[in-house]
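**Q** Pasting a structure here, questions to come.
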Amino acid sequence: MSEGISVVLESSENGTDLSQDDIGTIEEIPEETILSRQTSINLVPFIGQRFISQEAAYEFYCSFAKQCGFSIRRHRTRGKDGVGRGVTRRDFTCHRGGYPQNKPSDDGKMQRNRKSSRCGCQAYLRIVKRADFDVPEWRVTGFSNIHNHELLKANEVRLLPAYCTISPDDKSRICMYAKAGMSVRQMLRLMELEKGIKLGCLPFTEIDVRNLLQSFRNVDRDIDAIDLIAMCKRLKDENHNFKYEFKIDSNNRLEHIAWSYSSSIQSYEAFGDAVVFDTTHRIDAYDMLLGIWLGVDNNGMACFFSCTLLRDENMHSFSWALRAFLSFMKGKAPQTLLTDHNMWLKEAIAVEMPETKHAFCIWHILSKFSDWFSILLESQYDEWKAEFHRLYNLEMVEEFEEGWRQMVDKYGLRVNKHIISLYSLRTFWALPFLRRYFFAGLTSTCQSESINAFIQRFLSAQSQLDCLVEQVADVVDFNDRAGAKQKMQRKLQKMSLKTGSPIESHAATVLTPYALSKLQDELVLAPQYASFLVDEDCFQVRHHTQTDGGCKVLWVPCQEHISCSCHLFEFSGILCRHVLRVMSINNCFHIPDQYLPARWRGNSLSSINHFRGTTNRDQSERIQYLESMVSTLIMESIETDERLDAACEQVSMALSRIKTLPRPAPAVNDMGYSYPSDSLILPEVEDTDGIIHGFTIANPHDSMAFGKPKERMARDGTDLSRKRRQFSGQLCVQYDASDCSLMGGDNLGADALGYL
């Protein structure tokens, strides 16, 4: 048995005492253990250790386990994603923890007795979610490193399945080598030489590569392409607001395809001013580039606009994708567009969207720095990276230019090709050159991570093409429902004012909670700045610790015009602390309407008139909106007796009027909702904070459900649950690749792929 350490779990998530099964025992650490020989003290988990996310804790424990000689797996959780507070506790255990269980097969027979490595090992790491000062983090509350099995040596542990992973870049490289006709052993040897590692030390084996190539063989590109087009046609027939376009090459093969949903097009009308076009992912099984159009709504949540699949990555393909997107959105181009660092895409945008300000996402640029500069700068790399971040966040172009020259000279990078390229493209990524354009906060790291998490929810390298359309639809529907729930909860919570100023009170009646929180951040900092009148209607504003410099604010009260040299309002749509300081000292007690943008207001996309003017909106969405209004009505009414009496009177009148309206025939009611005419059931469900999270109207199946989206209502209300994997086959029974006018005569089997 391997020895190790075991730490007592001192407290539970809420600070209460723990049950006996949650508590370990304390043992002294032997002087000579595998742990002490193979790891340093900085890599050993300890009680109270903090991580920013579950993934960060998993990666840390995985590194620790690999050095000790075992692998880990995710075990128990407390809470569910999208429900309440989400997951609040996570356990990671040794890969040999637990015992094998025989599960009956579909025909009732027990499965054959297969060998298992599980032997009931008790080693584990427990993390709990805490929120100090409203900043969520994960803390280690339990750790045990006692194993009842022998730990593996360094040359053995790398062969465990958990460490035999093939990265997306390596998958793409293997796919390219396979197309060139290389054997598997030639691929492995070439990748060893490229990575500069010893023979046989890749993180995956020959069997893993062969399994990957076999998964490519299992893809029938002919049939799947037909299924995808047929699926889009079916969705178009069900909802004429669904948009799609595709292109066939000279060999009748699917070259490009793009699609967008009706709800996505409506979202773009309100929030399509700042857009992200992510082209960093591929579907390796089909060797196609996946492009996703996204934005951010007035509540700071990612919203989906469109999706495209491209056969090739060149200017011609990107131009087609841009034209298709514009046709979906009625020719309306975004004001600003964020993409990855792709020169072909840059040229295509300049041609197809000449009026749009194009910018590169800094997150994608920073991800390349380790490969570009870490070896070159060695010990100076961290210092240089901090200096780069400082220059990136400057406000003035002149300061950036001067600082860049000093940085290049200090670190000897004047002739470095990457530095030369970055400087030549500085107007596409450096904030001093972008602050005059509206990006709705999309340049922030937080929004980049949020968008990436949104993409990862439906991204799968082995997705079938027709299933991909449904997967995207499921995620979009789930995101819309989750957003509606969050908006409802925010409405139920009273607005919290941080300063009590008239400006803040006025903004709270107009802006969404998300936009108000951004404005409050500036309001809180405004009193720390001094303001000096330097000319008529011109003020110099700087921090109280500064003796010179600062920002220039132009304030013309008669015209209600105000601007600042920091350009925060132009960049994010939120007034800066400098402007708020000048407004405060000049006795301005409200923000002019033009400085409360419509896209950050609470009624951007959810007014009643919007529903009245939309005849094709799904009945389920309208019912969901009605639920939200009823919940808000209850919370607003129960505050005083006078409000409650008024609400009861008005609801009674509304019900009386509704009962006088004619009922539809039973056959017309395609949605299948049947509500009792004489009752409105609203049971309140409260959590520990006393906040009402949901309610049911007559039919409990119509309430919003969160977590893993298991069922989805189609755009016309048809229930598509439990039909995901079988849908493709049922839809395309009438298609024959040899006879199809679209794909006829073209064989895309394994032989035609040229590498299988």
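Letters A, B, ... mark the chains of the structure tokens in the order given; residue numbers begin at 1 per chain; ligand numbers begin at 1, in order shown.
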Residues at most 6 Å from segment 318-325 of chain A, counting only C-alpha atoms, excluding those fewer than 3 positions away in the same chain, as a list in words?
**A**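 Here the qualifying residues turn out to be Met315, Phe328, Leu345 and Ala348 of chain A.
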**Q** Keeping only C-alpha atoms, write the selected residues as a compact mmCIF listing (two decimals), in the first residue's frame.
**A**
# COMPACT_ATOMS: atom_id res chain seq x y z
CA MET A 315 -10.32 35.06 -48.56
CA PHE A 328 -29.58 37.03 -43.09
CA LEU A 345 -10.43 37.32 -42.87
CA ALA A 348 -12.42 39.87 -46.72
**Q** Neighbouring residues of segment 358-363 of chain A were defined as those with any atom within 9 Å, considering only C-alpha atoms; residues of the same chain fewer than 4 positions away were excluded. Please report them as a ChimeraX atom specification.
**A** /A:276,335-342,346,349-350,353,367,427-430,434,442-445,448
**Q** Based on the selection just made, write N, CA, C and O atoms of those residues as an mmCIF file, in the first residue's frame.
**A**
data_model
loop_
_atom_site.group_PDB
_atom_site.id
_atom_site.type_symbol
_atom_site.label_atom_id
_atom_site.label_comp_id
_atom_site.auth_asym_id
_atom_site.auth_seq_id
_atom_site.Cartn_x
_atom_site.Cartn_y
_atom_site.Cartn_z
ATOM 1 N N VAL A 276 -18.863 39.481 -32.524
ATOM 2 C CA VAL A 276 -17.671 38.633 -32.564
ATOM 3 C C VAL A 276 -17.884 37.553 -33.619
ATOM 4 O O VAL A 276 -18.934 36.901 -33.642
ATOM 5 N N GLN A 335 -21.372 47.704 -36.376
ATOM 6 C CA GLN A 335 -20.475 48.851 -36.270
ATOM 7 C C GLN A 335 -19.043 48.395 -36.052
ATOM 8 O O GLN A 335 -18.111 48.967 -36.622
ATOM 9 N N THR A 336 -18.865 47.392 -35.212
ATOM 10 C CA THR A 336 -17.543 46.856 -34.913
ATOM 11 C C THR A 336 -17.587 45.341 -34.991
ATOM 12 O O THR A 336 -18.610 44.719 -34.697
ATOM 13 N N LEU A 337 -16.464 44.752 -35.371
ATOM 14 C CA LEU A 337 -16.393 43.302 -35.543
ATOM 15 C C LEU A 337 -15.066 42.806 -34.987
ATOM 16 O O LEU A 337 -13.993 43.243 -35.412
ATOM 17 N N LEU A 338 -15.137 41.893 -34.022
ATOM 18 C CA LEU A 338 -13.956 41.282 -33.413
ATOM 19 C C LEU A 338 -13.730 39.900 -34.009
ATOM 20 O O LEU A 338 -14.670 39.092 -34.092
ATOM 21 N N THR A 339 -12.500 39.617 -34.428
ATOM 22 C CA THR A 339 -12.150 38.305 -34.968
ATOM 23 C C THR A 339 -10.799 37.879 -34.403
ATOM 24 O O THR A 339 -10.140 38.631 -33.687
ATOM 25 N N ASP A 340 -10.399 36.657 -34.748
ATOM 26 C CA ASP A 340 -9.057 36.238 -34.381
ATOM 27 C C ASP A 340 -8.046 36.827 -35.365
ATOM 28 O O ASP A 340 -8.423 37.449 -36.363
ATOM 29 N N HIS A 341 -6.774 36.609 -35.088
ATOM 30 C CA HIS A 341 -5.693 37.200 -35.882
ATOM 31 C C HIS A 341 -5.543 36.430 -37.185
ATOM 32 O O HIS A 341 -4.675 35.569 -37.335
ATOM 33 N N ASN A 342 -6.392 36.743 -38.181
ATOM 34 C CA ASN A 342 -6.428 36.030 -39.448
ATOM 35 C C ASN A 342 -6.377 37.050 -40.586
ATOM 36 O O ASN A 342 -7.283 37.864 -40.737
ATOM 37 N N LYS A 346 -9.215 39.380 -42.488
ATOM 38 C CA LYS A 346 -9.022 40.836 -42.478
ATOM 39 C C LYS A 346 -9.272 41.429 -43.868
ATOM 40 O O LYS A 346 -9.971 42.451 -44.019
ATOM 41 N N ILE A 349 -13.100 41.215 -44.820
ATOM 42 C CA ILE A 349 -13.928 42.216 -44.126
ATOM 43 C C ILE A 349 -13.752 43.588 -44.755
ATOM 44 O O ILE A 349 -14.711 44.359 -44.893
ATOM 45 N N ALA A 350 -12.526 43.917 -45.154
ATOM 46 C CA ALA A 350 -12.274 45.217 -45.782
ATOM 47 C C ALA A 350 -13.066 45.376 -47.073
ATOM 48 O O ALA A 350 -13.470 46.491 -47.434
ATOM 49 N N MET A 353 -17.377 44.477 -45.763
ATOM 50 C CA MET A 353 -17.915 45.377 -44.728
ATOM 51 C C MET A 353 -16.999 46.587 -44.573
ATOM 52 O O MET A 353 -16.349 46.766 -43.533
ATOM 53 N N SER A 367 -2.470 34.402 -26.508
ATOM 54 C CA SER A 367 -2.279 32.951 -26.415
ATOM 55 C C SER A 367 -1.057 32.483 -27.200
ATOM 56 O O SER A 367 -0.560 31.371 -26.973
ATOM 57 N N THR A 427 -3.359 49.205 -34.948
ATOM 58 C CA THR A 427 -4.692 49.824 -34.983
ATOM 59 C C THR A 427 -5.811 48.795 -34.906
ATOM 60 O O THR A 427 -6.976 49.164 -34.752
ATOM 61 N N PHE A 428 -5.463 47.500 -35.006
ATOM 62 C CA PHE A 428 -6.470 46.441 -34.951
ATOM 63 C C PHE A 428 -6.585 45.801 -33.572
ATOM 64 O O PHE A 428 -7.529 45.047 -33.338
ATOM 65 N N TRP A 429 -5.621 46.067 -32.654
ATOM 66 C CA TRP A 429 -5.688 45.388 -31.359
ATOM 67 C C TRP A 429 -5.410 46.288 -30.162
ATOM 68 O O TRP A 429 -5.893 46.010 -29.064
ATOM 69 N N ALA A 430 -4.638 47.349 -30.309
ATOM 70 C CA ALA A 430 -4.283 48.196 -29.170
ATOM 71 C C ALA A 430 -5.457 49.104 -28.792
ATOM 72 O O ALA A 430 -6.033 49.789 -29.654
ATOM 73 N N LEU A 434 -8.622 51.908 -30.438
ATOM 74 C CA LEU A 434 -9.975 51.352 -30.559
ATOM 75 C C LEU A 434 -11.000 52.050 -29.681
ATOM 76 O O LEU A 434 -12.197 51.798 -29.816
ATOM 77 N N LEU A 442 -16.880 43.770 -25.328
ATOM 78 C CA LEU A 442 -16.465 42.485 -25.879
ATOM 79 C C LEU A 442 -14.955 42.290 -25.848
ATOM 80 O O LEU A 442 -14.467 41.164 -25.991
ATOM 81 N N THR A 443 -14.186 43.357 -25.678
ATOM 82 C CA THR A 443 -12.732 43.228 -25.650
ATOM 83 C C THR A 443 -12.218 42.764 -24.294
ATOM 84 O O THR A 443 -11.043 42.436 -24.163
ATOM 85 N N SER A 444 -13.063 42.740 -23.278
ATOM 86 C CA SER A 444 -12.621 42.350 -21.950
ATOM 87 C C SER A 444 -12.382 40.844 -21.893
ATOM 88 O O SER A 444 -13.001 40.060 -22.618
ATOM 89 N N THR A 445 -11.480 40.444 -21.013
ATOM 90 C CA THR A 445 -11.172 39.023 -20.843
ATOM 91 C C THR A 445 -12.389 38.255 -20.345
ATOM 92 O O THR A 445 -12.631 37.110 -20.742
ATOM 93 N N SER A 448 -14.626 37.487 -23.225
ATOM 94 C CA SER A 448 -13.995 36.486 -24.087
ATOM 95 C C SER A 448 -14.177 35.094 -23.511
ATOM 96 O O SER A 448 -14.492 34.138 -24.236
#
**Q** Enumerate as a ChimeraX atom specification all residues of segment 280-427 of chain A assigned to strand (DSSP E or B) by DSSP on the backbone, naming them with the chain letters and numbers the document uses.
**A** /A:280-283,288-296,302-310,336-339,357-360
**Q** Rounded to one decimal, what separation in Å do you get between atom CA of Gln49 of chain A and atom CA of Thr77 of chain A?
**A** 18.7 Å
**Q** Determine, counting only C-alpha atoms, which protein, DNA and RNA residues have an atom within 12 Å of an atom of Gln594 of chain A; residues of the same chain fewer than 5 positions away are not included. Present the result as a PDB file with N, CA, C and O atoms, in the first residue's frame.
**A**
ATOM      1  N   GLN A 559     -26.458  72.704 -24.621  1.00  0.00           N
ATOM      2  CA  GLN A 559     -26.688  71.708 -25.661  1.00  0.00           C
ATOM      3  C   GLN A 559     -26.732  70.276 -25.112  1.00  0.00           C
ATOM      4  O   GLN A 559     -26.905  69.325 -25.878  1.00  0.00           O
ATOM      5  N   GLU A 560     -26.558  70.154 -23.793  1.00  0.00           N
ATOM      6  CA  GLU A 560     -26.475  68.847 -23.149  1.00  0.00           C
ATOM      7  C   GLU A 560     -25.451  67.949 -23.849  1.00  0.00           C
ATOM      8  O   GLU A 560     -25.675  66.760 -24.066  1.00  0.00           O
ATOM      9  N   HIS A 561     -24.316  68.559 -24.184  1.00  0.00           N
ATOM     10  CA  HIS A 561     -23.234  67.825 -24.838  1.00  0.00           C
ATOM     11  C   HIS A 561     -22.077  67.678 -23.867  1.00  0.00           C
ATOM     12  O   HIS A 561     -21.671  68.645 -23.212  1.00  0.00           O
ATOM     13  N   ILE A 562     -21.536  66.465 -23.775  1.00  0.00           N
ATOM     14  CA  ILE A 562     -20.409  66.211 -22.901  1.00  0.00           C
ATOM     15  C   ILE A 562     -19.556  65.103 -23.502  1.00  0.00           C
ATOM     16  O   ILE A 562     -20.076  64.147 -24.082  1.00  0.00           O
ATOM     17  N   SER A 563     -18.249  65.261 -23.420  1.00  0.00           N
ATOM     18  CA  SER A 563     -17.325  64.263 -23.965  1.00  0.00           C
ATOM     19  C   SER A 563     -16.043  64.283 -23.155  1.00  0.00           C
ATOM     20  O   SER A 563     -15.732  65.264 -22.479  1.00  0.00           O
ATOM     21  N   PHE A 569     -17.184  56.381 -23.002  1.00  0.00           N
ATOM     22  CA  PHE A 569     -18.569  56.296 -23.466  1.00  0.00           C
ATOM     23  C   PHE A 569     -18.627  55.790 -24.907  1.00  0.00           C
ATOM     24  O   PHE A 569     -19.463  54.941 -25.240  1.00  0.00           O
ATOM     25  N   GLU A 570     -17.755  56.291 -25.771  1.00  0.00           N
ATOM     26  CA  GLU A 570     -17.737  55.817 -27.147  1.00  0.00           C
ATOM     27  C   GLU A 570     -17.370  54.347 -27.221  1.00  0.00           C
ATOM     28  O   GLU A 570     -17.827  53.621 -28.105  1.00  0.00           O
ATOM     29  N   GLY A 573     -20.314  52.628 -24.071  1.00  0.00           N
ATOM     30  CA  GLY A 573     -21.675  53.121 -23.878  1.00  0.00           C
ATOM     31  C   GLY A 573     -21.981  53.514 -22.449  1.00  0.00           C
ATOM     32  O   GLY A 573     -23.139  53.750 -22.103  1.00  0.00           O
ATOM     33  N   ILE A 574     -20.960  53.607 -21.587  1.00  0.00           N
ATOM     34  CA  ILE A 574     -21.106  53.978 -20.182  1.00  0.00           C
ATOM     35  C   ILE A 574     -20.291  55.238 -19.918  1.00  0.00           C
ATOM     36  O   ILE A 574     -19.118  55.309 -20.311  1.00  0.00           O
ATOM     37  N   LEU A 575     -20.884  56.219 -19.262  1.00  0.00           N
ATOM     38  CA  LEU A 575     -20.166  57.460 -18.960  1.00  0.00           C
ATOM     39  C   LEU A 575     -19.013  57.177 -17.999  1.00  0.00           C
ATOM     40  O   LEU A 575     -19.130  56.369 -17.071  1.00  0.00           O
ATOM     41  N   ARG A 599     -29.407  50.376 -26.325  1.00  0.00           N
ATOM     42  CA  ARG A 599     -28.999  48.978 -26.208  1.00  0.00           C
ATOM     43  C   ARG A 599     -28.692  48.581 -24.763  1.00  0.00           C
ATOM     44  O   ARG A 599     -28.583  47.394 -24.453  1.00  0.00           O
ATOM     45  N   TRP A 600     -28.517  49.532 -23.847  1.00  0.00           N
ATOM     46  CA  TRP A 600     -28.303  49.216 -22.438  1.00  0.00           C
ATOM     47  C   TRP A 600     -29.552  49.459 -21.594  1.00  0.00           C
ATOM     48  O   TRP A 600     -29.494  49.316 -20.381  1.00  0.00           O
ATOM     49  N   ARG A 601     -30.659  49.809 -22.212  1.00  0.00           N
ATOM     50  CA  ARG A 601     -31.879  50.077 -21.453  1.00  0.00           C
ATOM     51  C   ARG A 601     -32.645  48.786 -21.189  1.00  0.00           C
ATOM     52  O   ARG A 601     -32.493  47.791 -21.909  1.00  0.00           O
TER      53      ARG A 601
END
**Q** So which residues touch Asp312 of chain A within 10 Å, counting only C-alpha atoms, skipping near sequence neighbours fewer than 4 positions away, as a list in words?
**A**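 Here the qualifying residues turn out to be Glu255, His256, Asp287, Met288, Leu289, His316, Ser317 and Phe318 of chain A.
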**Q** Please write the residues from the selection above to a file, keeping N, CA and C atoms, as a compact mmCIF listing (two decimals), in the first residue's frame.
**A**
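Saved to result-v4.txt:
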# COMPACT_ATOMS: atom_id res chain seq x y z
N GLU A 255 -19.71 22.84 -50.23
CA GLU A 255 -18.52 23.66 -50.00
C GLU A 255 -18.68 24.55 -48.78
N HIS A 256 -19.78 25.30 -48.70
CA HIS A 256 -20.05 26.18 -47.57
C HIS A 256 -21.53 26.11 -47.23
N ASP A 287 -13.27 18.02 -41.72
CA ASP A 287 -12.24 18.93 -42.20
C ASP A 287 -12.87 20.26 -42.65
N MET A 288 -13.74 20.81 -41.79
CA MET A 288 -14.42 22.06 -42.11
C MET A 288 -14.20 23.07 -40.99
N LEU A 289 -14.07 24.31 -41.38
CA LEU A 289 -13.91 25.40 -40.42
C LEU A 289 -15.27 25.82 -39.88
N HIS A 316 -11.65 33.93 -50.27
CA HIS A 316 -12.89 33.66 -51.00
C HIS A 316 -13.95 33.04 -50.08
N SER A 317 -13.55 32.09 -49.24
CA SER A 317 -14.50 31.45 -48.33
C SER A 317 -15.03 32.44 -47.30
N PHE A 318 -14.14 33.25 -46.74
CA PHE A 318 -14.58 34.23 -45.74
C PHE A 318 -15.50 35.28 -46.37
**Q** So that I can see what lies close to Val534 of chain A, please list as a list of chain:residue names the residues with an atom at most 12 Å from it, counting only C-alpha atoms and leaving out residues fewer than 3 positions away in the same chain.
**A** A:Ser531, A:Asp537, A:Cys538, A:Phe539, A:Gln540, A:Val541, A:Cys551, A:Lys552, A:Val553, A:Leu554, A:Trp555
**Q** Those same residues - N, CA and C atoms - I'd like them written as a PDB file, in the first residue's frame.
**A**
ATOM      1  N   SER A 531     -11.366  68.344 -10.412  1.00  0.00           N
ATOM      2  CA  SER A 531     -11.765  68.969 -11.669  1.00  0.00           C
ATOM      3  C   SER A 531     -11.359  70.435 -11.666  1.00  0.00           C
ATOM      4  N   ASP A 537     -16.154  75.953 -20.934  1.00  0.00           N
ATOM      5  CA  ASP A 537     -16.758  74.637 -21.151  1.00  0.00           C
ATOM      6  C   ASP A 537     -15.733  73.507 -21.223  1.00  0.00           C
ATOM      7  N   CYS A 538     -14.503  73.733 -20.791  1.00  0.00           N
ATOM      8  CA  CYS A 538     -13.460  72.708 -20.847  1.00  0.00           C
ATOM      9  C   CYS A 538     -12.857  72.512 -19.460  1.00  0.00           C
ATOM     10  N   PHE A 539     -12.784  71.253 -19.023  1.00  0.00           N
ATOM     11  CA  PHE A 539     -12.282  70.928 -17.688  1.00  0.00           C
ATOM     12  C   PHE A 539     -11.121  69.936 -17.805  1.00  0.00           C
ATOM     13  N   GLN A 540     -10.186  70.081 -16.861  1.00  0.00           N
ATOM     14  CA  GLN A 540      -9.105  69.111 -16.713  1.00  0.00           C
ATOM     15  C   GLN A 540      -9.414  68.270 -15.475  1.00  0.00           C
ATOM     16  N   VAL A 541      -9.517  66.953 -15.642  1.00  0.00           N
ATOM     17  CA  VAL A 541      -9.887  66.064 -14.554  1.00  0.00           C
ATOM     18  C   VAL A 541      -8.763  65.050 -14.347  1.00  0.00           C
ATOM     19  N   CYS A 551      -7.456  63.863 -17.866  1.00  0.00           N
ATOM     20  CA  CYS A 551      -8.315  63.833 -19.050  1.00  0.00           C
ATOM     21  C   CYS A 551      -9.015  65.178 -19.233  1.00  0.00           C
ATOM     22  N   LYS A 552      -9.279  65.503 -20.481  1.00  0.00           N
ATOM     23  CA  LYS A 552      -9.998  66.733 -20.808  1.00  0.00           C
ATOM     24  C   LYS A 552     -11.470  66.417 -21.040  1.00  0.00           C
ATOM     25  N   VAL A 553     -12.327  67.149 -20.347  1.00  0.00           N
ATOM     26  CA  VAL A 553     -13.773  66.957 -20.454  1.00  0.00           C
ATOM     27  C   VAL A 553     -14.396  68.222 -21.016  1.00  0.00           C
ATOM     28  N   LEU A 554     -15.161  68.074 -22.088  1.00  0.00           N
ATOM     29  CA  LEU A 554     -15.883  69.199 -22.696  1.00  0.00           C
ATOM     30  C   LEU A 554     -17.339  69.110 -22.287  1.00  0.00           C
ATOM     31  N   TRP A 555     -17.849  70.158 -21.637  1.00  0.00           N
ATOM     32  CA  TRP A 555     -19.202  70.163 -21.082  1.00  0.00           C
ATOM     33  C   TRP A 555     -19.925  71.419 -21.531  1.00  0.00           C
TER      34      TRP A 555
END
**Q** Please determine, counting only C-alpha atoms, which residue among A:Gly295, A:Gly550, A:Gly97, A:Gly200 has the shortest atom-to-atom distance to Asn452 of chain A.
**A**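 Looking only at the distances to Asn452 of chain A, the closest residue turns out to be A:Gly295.
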